[in-house]
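Asks: Input structure: final_29.cif, which contains mmCIF, C-alpha atoms.
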data_final
#
loop_
_atom_site.label_atom_id
_atom_site.label_comp_id
_atom_site.auth_asym_id
_atom_site.auth_seq_id
_atom_site.Cartn_x
_atom_site.Cartn_y
_atom_site.Cartn_z
CA GLN F 1165 86.96 89.22 127.15
CA LEU F 1166 87.08 89.67 123.39
CA GLN F 1167 90.51 90.77 122.26
CA LEU F 1168 91.66 91.42 118.72
CA VAL F 1169 95.19 92.18 117.60
CA GLU F 1170 96.05 93.42 114.13
CA SER F 1171 99.44 92.97 112.50
CA GLY F 1172 101.06 93.16 109.09
CA GLY F 1173 100.92 96.87 108.44
CA GLY F 1174 103.87 98.84 107.13
CA LEU F 1175 105.23 101.05 104.39
CA VAL F 1176 104.77 99.92 100.81
CA GLN F 1177 105.15 101.53 97.41
CA PHE F 1178 102.31 102.32 95.03
CA GLY F 1179 101.11 99.09 93.43
CA GLY F 1180 102.53 96.92 96.19
CA SER F 1181 100.86 94.40 98.47
CA LEU F 1182 100.40 93.76 102.16
CA ARG F 1183 98.58 91.12 104.15
CA LEU F 1184 97.00 92.15 107.41
CA SER F 1185 96.15 89.67 110.12
CA CYS F 1186 93.58 89.92 112.88
CA ALA F 1187 94.19 87.45 115.69
CA ALA F 1188 91.49 86.78 118.26
CA SER F 1189 91.93 85.74 121.87
CA GLY F 1190 89.52 85.19 124.70
CA PHE F 1191 86.75 83.98 122.42
CA THR F 1192 86.03 81.57 119.59
CA LEU F 1193 86.41 83.47 116.36
CA ALA F 1194 84.20 80.99 114.50
CA TYR F 1195 81.10 82.48 116.15
CA TYR F 1196 81.82 86.02 114.97
CA ASP F 1197 81.66 88.05 111.80
CA ILE F 1198 84.84 90.09 111.36
CA GLY F 1199 85.06 93.47 109.73
CA TRP F 1200 88.00 95.56 108.62
CA PHE F 1201 87.81 99.34 108.90
CA ARG F 1202 90.30 102.08 108.17
CA GLN F 1203 90.77 105.64 109.26
CA ALA F 1204 92.91 108.18 107.48
CA PRO F 1205 94.02 111.39 109.21
CA GLY F 1206 91.18 113.86 109.43
CA LYS F 1207 88.65 111.40 108.04
CA GLU F 1208 85.89 109.23 109.44
CA ARG F 1209 86.52 105.56 110.07
CA GLU F 1210 85.12 103.64 107.12
CA GLY F 1211 84.24 100.03 106.53
CA VAL F 1212 86.54 98.17 104.15
CA SER F 1213 85.33 94.57 104.24
CA CYS F 1214 83.42 92.02 106.28
CA ILE F 1215 83.38 88.23 106.39
CA SER F 1216 80.63 86.30 108.11
CA SER F 1217 81.32 83.70 110.79
CA SER F 1218 80.97 80.85 108.30
CA GLY F 1219 82.84 82.68 105.57
CA GLY F 1220 79.82 82.37 103.33
CA ASN F 1221 79.01 86.08 103.18
CA ILE F 1222 81.69 88.56 102.16
CA ASN F 1223 81.35 92.28 101.55
CA TYR F 1224 83.71 94.96 100.26
CA ALA F 1225 83.64 98.70 99.98
CA ASP F 1226 83.53 99.84 96.35
CA SER F 1227 86.90 101.52 96.76
CA VAL F 1228 88.68 98.21 97.40
CA LYS F 1229 86.70 95.71 95.30
CA GLY F 1230 88.95 93.71 93.04
CA ARG F 1231 92.07 94.68 95.00
CA PHE F 1232 91.44 93.44 98.55
CA THR F 1233 90.51 89.93 99.64
CA ILE F 1234 89.26 88.97 103.07
CA SER F 1235 89.57 85.43 104.37
CA ARG F 1236 89.50 83.56 107.62
CA ASP F 1237 91.08 80.53 109.25
CA ASN F 1238 88.90 79.64 112.20
CA ALA F 1239 91.28 76.90 113.27
CA LYS F 1240 93.93 79.59 113.77
CA ASN F 1241 91.43 82.10 115.18
CA THR F 1242 92.64 84.58 112.56
CA VAL F 1243 91.16 86.70 109.78
CA TYR F 1244 93.26 88.10 106.96
CA LEU F 1245 93.02 91.04 104.60
CA GLN F 1246 95.12 90.65 101.48
CA MET F 1247 95.66 94.05 99.92
CA ASN F 1248 96.99 94.25 96.37
CA SER F 1249 97.51 97.12 93.94
CA LEU F 1250 97.79 99.53 96.83
CA LYS F 1251 97.29 103.23 96.25
CA PRO F 1252 98.30 106.27 98.32
CA GLU F 1253 94.64 106.77 99.18
CA ASP F 1254 94.71 103.42 101.00
CA THR F 1255 96.99 104.97 103.59
CA ALA F 1256 95.28 104.71 106.97
CA VAL F 1257 95.20 102.93 110.28
CA TYR F 1258 93.43 99.63 109.72
CA TYR F 1259 91.27 98.09 112.43
CA CYS F 1260 89.54 94.75 112.73
CA ALA F 1261 86.32 94.35 114.67
CA ALA F 1262 84.03 91.52 115.75
CA MET F 1263 80.28 91.15 115.86
CA PHE F 1264 78.38 88.04 116.87
CA ARG F 1265 77.00 85.98 113.97
CA SER F 1266 75.03 88.49 111.91
CA SER F 1267 75.90 87.54 108.31
CA CYS F 1268 77.64 90.93 108.20
CA ILE F 1269 74.33 92.76 108.25
CA GLY F 1270 75.03 96.38 109.04
CA TRP F 1271 78.75 95.85 108.63
CA GLY F 1272 79.39 99.37 107.44
CA ARG F 1273 78.38 100.82 110.81
CA ARG F 1274 80.89 100.99 113.63
CA SER F 1275 78.08 100.51 116.14
CA SER F 1276 77.37 97.03 114.75
CA PHE F 1277 80.61 95.70 116.22
CA ASP F 1278 81.28 94.62 119.79
CA ALA F 1279 85.06 94.56 119.97
CA TRP F 1280 87.92 96.33 118.23
CA GLY F 1281 91.62 95.89 117.82
CA GLN F 1282 94.17 98.63 118.39
CA GLY F 1283 94.90 99.16 114.70
CA THR F 1284 97.89 98.79 112.40
CA GLN F 1285 99.30 101.55 110.21
CA VAL F 1286 99.42 101.10 106.44
CA THR F 1287 101.29 103.72 104.45
CA VAL F 1288 101.44 103.66 100.66
CA SER F 1289 104.01 105.91 99.03
CA SER F 1290 103.52 107.34 95.55
#
Any chance you could give the structure as structure tokens?
Replies:
Amino acid sequence: QLQLVESGGGLVQFGGSLRLSCAASGFTLAYYDIGWFRQAPGKEREGVSCISSSGGNINYADSVKGRFTISRDNAKNTVYLQMNSLKPEDTAVYYCAAMFRSSCIGWGRRSSFDAWGQGTQVTVSS
């Protein structure tokens, strides 16, 4: 059974940084593309970033380009999202999700992913 657990969320001031982790269990992360999504209160869940199984294909939403960096350590079965220059509009629950080797095609769609974590709250104060 594919299980994902996010961690690293918290409260940070405007301009600060956080690093989120997505740890996988029950499957070999190296075979899966991993996406990060976020959902703010009253808003739709939106795609933030995706990294392909090999790490060779990386995508970002325009709203986070240049500020967020996704990476993976397959030996540790973990994917990271480094978030710098955080803004209040980045406040949301952040989720990671897995889809089997697809080079992140269709990564912006929730339906592309097979498994989801429970989410971690990120709050950026102004």
Asks: Just so the selection is clear, what residues does the PyMOL selection byres ((chain F and resi 1171-1188) around 6) cover here, as a VMD selection string?
Replies: chain F and resid 1167 to 1170 1189 1241 to 1251 1284 to 1290
Asks: Taking the file as shown, what set of residues would the PyMOL selection byres ((chain F and resi 1281) around 6) give back, as a PyMOL selection string?
Replies: chain F and resi 1168-1169+1259-1260+1280+1282-1283
Asks: Run the PyMOL selection byres ((chain F and resi 1215) around 7) mentally over the shown coordinates, then write out the matched residues as a list in words, using the chain letters and numbers from the document.
Replies: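 Those residues are Asp1197, Ile1198, Gly1199, Ser1213, Cys1214, Ser1216, Ser1217, Gly1219, Asn1221, Ile1222, Asn1223, Ile1234 and Cys1268 of chain F.
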Asks: So how far away is atom CA of Arg1202 of chain F from atom CA of Gly1272 of chain F, in Å?
Replies: 11.3 Å
Asks: Using all atoms listed in the file, can you tell me which of F:Ala1279, F:Leu1166, F:Leu1193, F:Ala1256 comes closest to Ser1218 of chain F?
Replies: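 When distances to Ser1218 of chain F are compared using all atoms listed in the file, the smallest one comes from F:Leu1193.
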Asks: Calculated over all atoms listed in the file, which of the candidates F:Gln1165, F:Gly1206, F:Gly1220, F:Arg1273 has the smallest distance to Gly1190 of chain F?
Replies: F:Gln1165
Asks: Using only C-alpha atoms, find the one residue out of F:Trp1271, F:Phe1264, F:Thr1255, F:Asp1278 that sits nearest to Pro1205 of chain F.
Replies: F:Thr1255
Asks: State, in Å with one decimal place, the distance from atom CA of Arg1231 of chain F to atom CA of Val1257 of chain F.
Replies: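 So the answer is 17.6 Å.
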Asks: May I ask for the distance between atom CA of Met1263 of chain F and atom CA of Tyr1196 of chain F, given in Å to one decimal place?
Replies: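 Atom CA of Tyr1196 of chain F lies at a distance of 5.4 Å from atom CA of Met1263 of chain F.
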Asks: The residues within 12 Å of (83.1, 99.9, 96.1), using all atoms listed in the file and the coordinates of the file, should be reported as a ChimeraX atom specification; which are they?
Replies: /F:1210-1213,1223-1232,1272
Asks: Between F:Ala1194, F:Glu1253, F:Arg1209, F:Gln1203, which residue has the minimum interatomic distance to Arg1274 of chain F, considering only C-alpha atoms?
Replies: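 Looking at the shortest contact to Arg1274 of chain F, the residue is F:Arg1209.
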Asks: Supply segment 1177-1195 of chain F as a PDB file, keeping the file's coordinate frame, with N, CA, C and O atoms built in where the input has gaps.
Replies:
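Output file result-v8.pdb is given in full below:
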ATOM      1  N   GLN F1177     105.233 100.626  98.550  1.00  0.00           N
ATOM      2  CA  GLN F1177     105.150 101.530  97.410  1.00  0.00           C
ATOM      3  C   GLN F1177     103.836 101.348  96.660  1.00  0.00           C
ATOM      4  O   GLN F1177     103.169 100.308  96.757  1.00  0.00           O
ATOM      5  N   PHE F1178     103.503 102.361  95.885  1.00  0.00           N
ATOM      6  CA  PHE F1178     102.310 102.320  95.030  1.00  0.00           C
ATOM      7  C   PHE F1178     102.338 101.042  94.192  1.00  0.00           C
ATOM      8  O   PHE F1178     103.363 100.702  93.604  1.00  0.00           O
ATOM      9  N   GLY F1179     101.218 100.323  94.190  1.00  0.00           N
ATOM     10  CA  GLY F1179     101.110  99.090  93.430  1.00  0.00           C
ATOM     11  C   GLY F1179     101.539  97.852  94.189  1.00  0.00           C
ATOM     12  O   GLY F1179     101.393  96.729  93.688  1.00  0.00           O
ATOM     13  N   GLY F1180     102.061  98.036  95.394  1.00  0.00           N
ATOM     14  CA  GLY F1180     102.530  96.920  96.190  1.00  0.00           C
ATOM     15  C   GLY F1180     101.412  96.201  96.923  1.00  0.00           C
ATOM     16  O   GLY F1180     100.231  96.521  96.754  1.00  0.00           O
ATOM     17  N   SER F1181     101.814  95.232  97.746  1.00  0.00           N
ATOM     18  CA  SER F1181     100.860  94.400  98.470  1.00  0.00           C
ATOM     19  C   SER F1181     101.236  94.278  99.940  1.00  0.00           C
ATOM     20  O   SER F1181     102.425  94.362 100.288  1.00  0.00           O
ATOM     21  N   LEU F1182     100.226  94.069 100.743  1.00  0.00           N
ATOM     22  CA  LEU F1182     100.400  93.760 102.160  1.00  0.00           C
ATOM     23  C   LEU F1182      99.311  92.777 102.566  1.00  0.00           C
ATOM     24  O   LEU F1182      98.216  92.790 101.979  1.00  0.00           O
ATOM     25  N   ARG F1183      99.610  91.964 103.575  1.00  0.00           N
ATOM     26  CA  ARG F1183      98.580  91.120 104.150  1.00  0.00           C
ATOM     27  C   ARG F1183      98.456  91.421 105.628  1.00  0.00           C
ATOM     28  O   ARG F1183      99.417  91.258 106.389  1.00  0.00           O
ATOM     29  N   LEU F1184      97.276  91.875 106.006  1.00  0.00           N
ATOM     30  CA  LEU F1184      97.000  92.150 107.410  1.00  0.00           C
ATOM     31  C   LEU F1184      96.399  90.918 108.065  1.00  0.00           C
ATOM     32  O   LEU F1184      95.657  90.160 107.426  1.00  0.00           O
ATOM     33  N   SER F1185      96.717  90.757 109.336  1.00  0.00           N
ATOM     34  CA  SER F1185      96.150  89.670 110.120  1.00  0.00           C
ATOM     35  C   SER F1185      95.407  90.236 111.309  1.00  0.00           C
ATOM     36  O   SER F1185      95.799  91.263 111.863  1.00  0.00           O
ATOM     37  N   CYS F1186      94.351  89.555 111.701  1.00  0.00           N
ATOM     38  CA  CYS F1186      93.580  89.920 112.880  1.00  0.00           C
ATOM     39  C   CYS F1186      93.449  88.654 113.719  1.00  0.00           C
ATOM     40  O   CYS F1186      92.724  87.728 113.342  1.00  0.00           O
ATOM     41  N   ALA F1187      94.177  88.624 114.821  1.00  0.00           N
ATOM     42  CA  ALA F1187      94.190  87.450 115.690  1.00  0.00           C
ATOM     43  C   ALA F1187      93.272  87.676 116.874  1.00  0.00           C
ATOM     44  O   ALA F1187      93.312  88.729 117.518  1.00  0.00           O
ATOM     45  N   ALA F1188      92.452  86.677 117.162  1.00  0.00           N
ATOM     46  CA  ALA F1188      91.490  86.780 118.260  1.00  0.00           C
ATOM     47  C   ALA F1188      91.960  85.975 119.460  1.00  0.00           C
ATOM     48  O   ALA F1188      92.556  84.908 119.308  1.00  0.00           O
ATOM     49  N   SER F1189      91.656  86.490 120.628  1.00  0.00           N
ATOM     50  CA  SER F1189      91.930  85.740 121.870  1.00  0.00           C
ATOM     51  C   SER F1189      90.800  86.012 122.840  1.00  0.00           C
ATOM     52  O   SER F1189      90.139  87.045 122.781  1.00  0.00           O
ATOM     53  N   GLY F1190      90.564  85.027 123.704  1.00  0.00           N
ATOM     54  CA  GLY F1190      89.520  85.190 124.700  1.00  0.00           C
ATOM     55  C   GLY F1190      88.135  84.804 124.206  1.00  0.00           C
ATOM     56  O   GLY F1190      87.175  84.873 124.972  1.00  0.00           O
ATOM     57  N   PHE F1191      88.034  84.417 122.942  1.00  0.00           N
ATOM     58  CA  PHE F1191      86.750  83.980 122.420  1.00  0.00           C
ATOM     59  C   PHE F1191      86.980  83.123 121.185  1.00  0.00           C
ATOM     60  O   PHE F1191      88.075  83.117 120.619  1.00  0.00           O
ATOM     61  N   THR F1192      85.936  82.437 120.761  1.00  0.00           N
ATOM     62  CA  THR F1192      86.030  81.570 119.590  1.00  0.00           C
ATOM     63  C   THR F1192      85.638  82.362 118.355  1.00  0.00           C
ATOM     64  O   THR F1192      84.482  82.745 118.169  1.00  0.00           O
ATOM     65  N   LEU F1193      86.621  82.621 117.525  1.00  0.00           N
ATOM     66  CA  LEU F1193      86.410  83.470 116.360  1.00  0.00           C
ATOM     67  C   LEU F1193      85.313  82.922 115.448  1.00  0.00           C
ATOM     68  O   LEU F1193      84.617  83.693 114.784  1.00  0.00           O
ATOM     69  N   ALA F1194      85.143  81.620 115.427  1.00  0.00           N
ATOM     70  CA  ALA F1194      84.200  80.990 114.500  1.00  0.00           C
ATOM     71  C   ALA F1194      82.765  81.439 114.722  1.00  0.00           C
ATOM     72  O   ALA F1194      81.922  81.265 113.836  1.00  0.00           O
ATOM     73  N   TYR F1195      82.468  82.021 115.865  1.00  0.00           N
ATOM     74  CA  TYR F1195      81.100  82.480 116.150  1.00  0.00           C
ATOM     75  C   TYR F1195      80.866  83.939 115.744  1.00  0.00           C
ATOM     76  O   TYR F1195      79.771  84.463 115.933  1.00  0.00           O
TER      77      TYR F1195
END
